[in-house]
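To keep things clear, I will list the structure first and then write my remarks on it.
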8 protein chains.
Amino acid sequence: MRHKGFVDLEFVKLDIAREKRKGLPEIIYAPGKTIPQLNCIISEFKKHTTTIFISRLKRRQFEILRKSHRKLKYYKDAELAFLGKRINETRGNCLVITAGTSDIPVAEEAAVFLEILGNNVERVYDIGVAGVHRIEPFKEKIKNAKVVIVVAGMEAALLSIISGICPSPIIGVPTSVGYGSSFKGLSALLGMLNSCAPGSVCVNIDNGLGAGYFAHLINK
Amino acid sequence: MRHKGFVDLEFVKLDIAREKRKGLPEIIYAPGKTIPQLNCIISEFKKHTTTIFISRLKRRQFEILRKSHRKLKYYKDAELAFLGKRINETRGNCLVITAGTSDIPVAEEAAVFLEILGNNVERVYDIGVAGVHRIEPFKEKIKNAKVVIVVAGMEAALLSIISGICPSPIIGVPTSVGYGSSFKGLSALLGMLNSCAPGSVCVNIDNGLGAGYFAHLINK
Amino acid sequence: MRHKGFVDLEFVKLDIAREKRKGLPEIIYAPGKTIPQLNCIISEFKKHTTTIFISRLKRRQFEILRKSHRKLKYYKDAELAFLGKRINETRGNCLVITAGTSDIPVAEEAAVFLEILGNNVERVYDIGVAGVHRIEPFKEKIKNAKVVIVVAGMEAALLSIISGICPSPIIGVPTSVGYGSSFKGLSALLGMLNSCAPGSVCVNIDNGLGAGYFAHLINK
Amino acid sequence: MRHKGFVDLEFVKLDIAREKRKGLPEIIYAPGKTIPQLNCIISEFKKHTTTIFISRLKRRQFEILRKSHRKLKYYKDAELAFLGKRINETRGNCLVITAGTSDIPVAEEAAVFLEILGNNVERVYDIGVAGVHRIEPFKEKIKNAKVVIVVAGMEAALLSIISGICPSPIIGVPTSVGYGSSFKGLSALLGMLNSCAPGSVCVNIDNGLGAGYFAHLINK
Amino acid sequence: MRHKGFVDLEFVKLDIAREKRKGLPEIIYAPGKTIPQLNCIISEFKKHTTTIFISRLKRRQFEILRKSHRKLKYYKDAELAFLGKRINETRGNCLVITAGTSDIPVAEEAAVFLEILGNNVERVYDIGVAGVHRIEPFKEKIKNAKVVIVVAGMEAALLSIISGICPSPIIGVPTSVGYGSSFKGLSALLGMLNSCAPGSVCVNIDNGLGAGYFAHLINK
Amino acid sequence: MRHKGFVDLEFVKLDIAREKRKGLPEIIYAPGKTIPQLNCIISEFKKHTTTIFISRLKRRQFEILRKSHRKLKYYKDAELAFLGKRINETRGNCLVITAGTSDIPVAEEAAVFLEILGNNVERVYDIGVAGVHRIEPFKEKIKNAKVVIVVAGMEAALLSIISGICPSPIIGVPTSVGYGSSFKGLSALLGMLNSCAPGSVCVNIDNGLGAGYFAHLINK
Amino acid sequence: MRHKGFVDLEFVKLDIAREKRKGLPEIIYAPGKTIPQLNCIISEFKKHTTTIFISRLKRRQFEILRKSHRKLKYYKDAELAFLGKRINETRGNCLVITAGTSDIPVAEEAAVFLEILGNNVERVYDIGVAGVHRIEPFKEKIKNAKVVIVVAGMEAALLSIISGICPSPIIGVPTSVGYGSSFKGLSALLGMLNSCAPGSVCVNIDNGLGAGYFAHLINK
Amino acid sequence: MRHKGFVDLEFVKLDIAREKRKGLPEIIYAPGKTIPQLNCIISEFKKHTTTIFISRLKRRQFEILRKSHRKLKYYKDAELAFLGKRINETRGNCLVITAGTSDIPVAEEAAVFLEILGNNVERVYDIGVAGVHRIEPFKEKIKNAKVVIVVAGMEAALLSIISGICPSPIIGVPTSVGYGSSFKGLSALLGMLNSCAPGSVCVNIDNGLGAGYFAHLINK
């Protein structure tokens, strides 16, 4: 059933007006949806938009979906699927940084999303504060970026370091990397929220996509 | 052993007076009970009531139980089993709303329960506030419902929106849908408890049945 | 003692290179500092910068400090003091929104800070979701703002609503407004972190200044 | 400034359409508002409604406000002020129960609110489960009430007891009464949310008004 | 290596003086120990005591251990293994009560332990407050017990009810039964700690053995 | 109004049957009650019992109440008031131990209560584990006590030490003594609940009275 | 009463053997002790030791105590009192660092304590990571210190930075400096516990003394 | 790519200057890294250092890695892999103590690490406070150790006991051993942070390596 601004498939109301309102189409969040539901949503969206994202999609889900949607592409580190045409600009300069190697999947979710939307992305991975000199060769990049995403778990101190030297807006993504009293990302989240260095904000734990989305809005 | 108001099967004391006291028979909660225990409880209840509900029953448990209780029906989305006669009224007007697709199983637990007891149920699924215009075509339904159930995870903002426009009692069901700092439904629970809009209450996380039960009491 | 990039007054190391690095000078955070300490910091800063901010300054502290620093201005709702010259541009368009009246002091901290730095600020206060129609007349403003700050306590649902309709970056400031299970802003913080609508980020509870600072970076 | 459905006093947007939408006017929440703000809000509301409630108003605030609004009445146990005409029906039967004496102020907020709106209220105070026989003489009242409000702190076990014997909808109000591991009402809140007896719901800690409001909707 | 009061097997120091000091031998806690470790501990203990308990032993662990220790008995509901001679007294009167059927395993840990040590145990299972009349036929037992153990999950209100009518010491065992905001037994634990009825104490979540141990000390 | 087993003073239902049921009369909990309420409760109780306890009574409240109730006695360390005749037995042997000096007020609540009821009480204060040798001279007392109360804040390790050497039942009272991550007694509470030494139980934080009550039941 | 290793003043058991066992005498913790108690403890300790410390002593308490103990010295920033002879060595090199000015009182507690015991202390205050270049001129000090204490609130990132460059043992002291989601030092505590840089440990929130004590043990 | 002080393999920046700065090379943390990543890191590190540690490596991961790195040694209790030459000193005296048998894996991580680096390690396992006399034969060792590591779960009281008698620095490692309200190590962590005995510090839950590292720094 077609309503003003959305299509009603009963189990889902596709927000086809999202693109007009927000500049970006609705992103399909895979967890909690069955394969038939995802299939049906993609099929319907194809009629209304040229850009379909499916986030947190497992490889084995992707492989089933690809049978019906041959052009669906999959970015396995990011667990992100995309159907449509990549935008061929390389706008601005988005820098995606991680503190450690284990933070990379979350960072990739942000980076891949940004690239598809035509943002120029640079990645600097594993420069956490245990060896803060690793930041040195990237200082120019950090200062010149138009927006920076810092992905870090554990105590997430990297955000404050970057905030101390970077004049641009910085988006922190706490990750669930760690053990014991990291309490599945709580320590990183609190660390980022309480950063003593101004100029940074925070998204939900492991929410790489949200950070990418926000960076895109700034970089646009 | 038969006592006043209950039957004593040692491991369980069937509250056969519940129906008289509360208007509804005891609902069997499946988790933590073995198949033989469930079997035995159903058999005994059959002697005392015409309406048996088993909640949070897994399909594979249902399939074993059905061998002994051929008339047991199963509502798979709701994970609810029922033995008895559906009430053929369509009393009042209960509206069950979800914010997202992943909230549907919890909503179905409420909806199916209400329908079996003779309440007229309307479902409006996936109208979360990310696309608040999706509420528009259902506004009349919302205003005219005798009681509304709002099922939402994450920040559960939908409850406040519905509370702002609906003059009837609204029951919030926070769900464990989400990740990271949703802390398995805590964010949704706190969001619903702190709703700035008057006229709503809250049940336990994922407690669709409790919401359906309460809505039935109001709608009766 | 003068070091490269800072002045060492023993109890404080004034980061006089902050302005060069970050584009904005260090902001003095008053809590935990004595009047003589504040006095001394201001005097020293005067030699190095033309823009001095003191945040979370109580009126009675301000009145003492003004005796030594006659040009210090005080914005009482924001509890913010300023010494220097307001920037006379009116760049871009920053929209500061609150859900309720009690959220205004936190919002003012953001708004005043932004204005001093030459950003054009519009305020829309008390349009919380209990009466969501109050958003209607401001929809154009919301759509046209270059950056939006949403200040809300309790369940903080307003952030998601604004995120649903606004294409620009949105900064959420959870406030400690509320009682009981709001747990001094925790419910609002979790609500904002778990917002189902994309395009928003979050700062610390009651951190109006941090939101203003970040908005300034985007608007610049 | 007058908009569709509200009056804009800058620091507050009076939701004068609330009564039409919700059946009840906006209730003014005093904490966080100054006396001049409250004064101004009351004066404006007088033009639009005949029923003004101010909740959580301290006696000394009331005494100042009464100078400008001579007809303002004050219910000191409930910390509730009212201006308007009490409705002279005595609809239905609302039962307000407390577990202890210290829970009475929260209960009174519910009870007074209900009475002003024309609901018949019966109070049964201090029948907590330490002496569960105190429930006995009130059993008929409990069974015959159209809606019951149970106000309890500490472990809040009274809610489950009442739920076990009462066929009507029951609204639990956890209170911050207690010490140590009651954690300012958290134990009571969790107790009520996890009640094993069906037919009850829960509002925020100490939220007597919210419970009264919801009971009014059911009793109407 | 033999020391005063214990035997040193490197990975474990068997407290063979425990029985003399405490009246009861050390109880072997199985989780975190390997089968060879358990085997070795049992073999050594056999030389020093006639009463060996192993708690939280899985059936499959038991079956391997029995090959070396033929007289080891296993109580599957309680996940308790015992090697030695049951004491043939039937001292006093210990009453073990549960709120629900799912609480029985925890209760059995207490009950079996008490019986082996020569205490007379009566079990009354599934008399939770949703149907408080189920307590009635057992009131005499409750009043005459020398010590009562109450095992309950969710809101654990049964403890307060029993405390209200029983003049003997009552030991509460919160269980992890429940879901959502029961937070794995936290709601039951807080409920029991904050019981408004005097005469009860509390042990760790699911700690049936601890409760049985303490009841034994009182009943002795 | 007189009901079966209680007197109804509206704001309070005096449980005059408590003594018969539980062996001890209801104890009046002062916090949250006004002076007139306390006055009225004492006056009424005088007609029904010979033993009146008022707990957590501030000295200045006591001094007002004594004007009407001349025989009211006050134990200032314990903040406990008592009206009646002390029982002149010296039954059994209750040992009350504290870890530190700051824990004494909580301990005194237990000790004074026990003494009034005719229990022989010995106090051993300030033998916390920082100097565990201080336990030595009291070891005989610890071994011979019929019941032991251990009152401790911070990490509350004393409970486990005493449990390791004492064959009698031990009641732990966590206190709110400490700072920082003691979180107002939470560290002590968790420490006591997780004691690795068997034979101990726990009451609410700072609940000296509850511990005294329970010890009395055991010692009786 | 004199026992082996301690003096029994009833309300306190002075651990006069502490010095022999631990190398340092017992430190008197003032909170929760009355002036007469403190007076009495100091008088008794004078007979047994030449070094008396009283921590967290308020100035007004100090002024009363000094009347009886003329040689008592007071360090107001540290809220530490001392009676005895300062040790005139300047052993090793202890570096005490703070992230901000508000952390100084906690740092002083550590520094003063260390100095009195004959440790050479250097202070570097206010070099938090918002301006990480402020660390530069102190790098040699950091590398050459024998032990470092890092005192920081909010996100406490400074600990990780120092740990990254310093080869000596580093003791973190989280402080309760901050607001909102710093939750009175919890964010700093979790940040320090989860530091990604090896070589650091942590003490309780605001526990400057504990850090000083531990540094003294290492430096000795 | 080679930078000053590190090698850039994109997904990881090997901190080859760590050894020079900190005295010890970077330790590879296995969780969250794939086998190819680990392989590549080891291969690169081989060019720069003679001492490679891989922590929290599962046996099955080790077995694959060994195929490429034949000299890799594995310590299965510690889940630690090592490639290089053990240092043949036996410096100082490090004592590693556990409260129970289940704490041994965490203790071994510390002990093995210390031994490889040339520290003399003594192990005393399972002397928890339930049988505190088990400490007796090891008292001399405890007093003479240069540094002590105490590994304990549940209430972790052993730390305070050891702190009371040992004049050397003591490092506490809380473990996740326990159940129910141990909340995966939280009770042990809080217990250790709040220890009333001076001279101890704390690392993250289950962080044996961190404790070993720190002990090495002291013992060096």
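Chain identifiers are assigned as A, B, and so on, following the order in which chains appear in the structure tokens; residues are numbered from 1 within each chain, and ligands are numbered from 1 in order of appearance.
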Taking the backbone alone, and naming residues the way the document does, which bits of segment 114-192 of chain D are alpha helix (DSSP H) by DSSP, as a ChimeraX atom specification?
/D:114-116,139-144,158-165,186-192
Selection: 6 Å around segment 164-180 of chain C, only C-alpha atoms, excl. self and same-chain fewer than 2 positions, as JSON, numbers by chain
{"A": [21, 22, 217], "B": [130, 131], "C": [143, 146, 147, 148, 149, 150, 151, 152, 153, 154, 161, 162, 182, 184, 185, 188, 189, 197, 199, 200, 201, 202, 203, 205, 206], "D": [205]}
Which residues are near Ser187 of chain F? Cut-off 7 Å, only C-alpha atoms, ignore same chain within fewer than 4 positions. Put them as number ranges by chain.
F: 154-155, 182-183, 191; H: 187, 190-191
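The protein and nucleic acid residues lying at most 8 Å from Gly84 of chain H are Thr50, Thr51, Ile52, Lys71 and Leu72 of chain H, with only C-alpha atoms considered and sequence neighbours fewer than 4 positions away removed.
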For the selection just defined, write its residues with N, CA, C and O atoms to a file, as a PDB file, in the first residue's frame.
ATOM      1  N   THR H  50      64.225  -9.380  19.621  1.00  0.00           N
ATOM      2  CA  THR H  50      64.532 -10.783  19.903  1.00  0.00           C
ATOM      3  C   THR H  50      63.549 -11.372  20.908  1.00  0.00           C
ATOM      4  O   THR H  50      63.710 -12.483  21.359  1.00  0.00           O
ATOM      5  N   THR H  51      62.573 -10.611  21.257  1.00  0.00           N
ATOM      6  CA  THR H  51      61.633 -11.047  22.293  1.00  0.00           C
ATOM      7  C   THR H  51      60.212 -10.757  21.853  1.00  0.00           C
ATOM      8  O   THR H  51      59.778  -9.606  21.860  1.00  0.00           O
ATOM      9  N   ILE H  52      59.464 -11.780  21.486  1.00  0.00           N
ATOM     10  CA  ILE H  52      58.092 -11.568  21.025  1.00  0.00           C
ATOM     11  C   ILE H  52      57.124 -12.301  21.936  1.00  0.00           C
ATOM     12  O   ILE H  52      57.266 -13.501  22.180  1.00  0.00           O
ATOM     13  N   LYS H  71      59.979 -21.784  16.316  1.00  0.00           N
ATOM     14  CA  LYS H  71      60.535 -21.639  17.656  1.00  0.00           C
ATOM     15  C   LYS H  71      59.548 -21.035  18.652  1.00  0.00           C
ATOM     16  O   LYS H  71      59.881 -20.794  19.815  1.00  0.00           O
ATOM     17  N   LEU H  72      58.355 -20.764  18.168  1.00  0.00           N
ATOM     18  CA  LEU H  72      57.333 -20.207  19.049  1.00  0.00           C
ATOM     19  C   LEU H  72      57.033 -21.224  20.152  1.00  0.00           C
ATOM     20  O   LEU H  72      56.746 -22.387  19.879  1.00  0.00           O
TER      21      LEU H  72
END
The residue from B:Ala78, B:Ile104, B:Ile27, B:Ile16 with the smallest atom-to-atom distance to chain D, counting only C-alpha atoms, is B:Ile27
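Shell of segment 207-213 of chain G at 6 Å, with only C-alpha atoms counted and residues fewer than 6 places along the chain excluded, is G:Val106, G:Ala107, G:Glu109, G:Ala110, G:Leu114.
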Please return, as a PyMOL selection string, all residues of chain G lying within 6 Å of chain C when only C-alpha atoms are considered.
chain G and resi 101-102+125-126+180
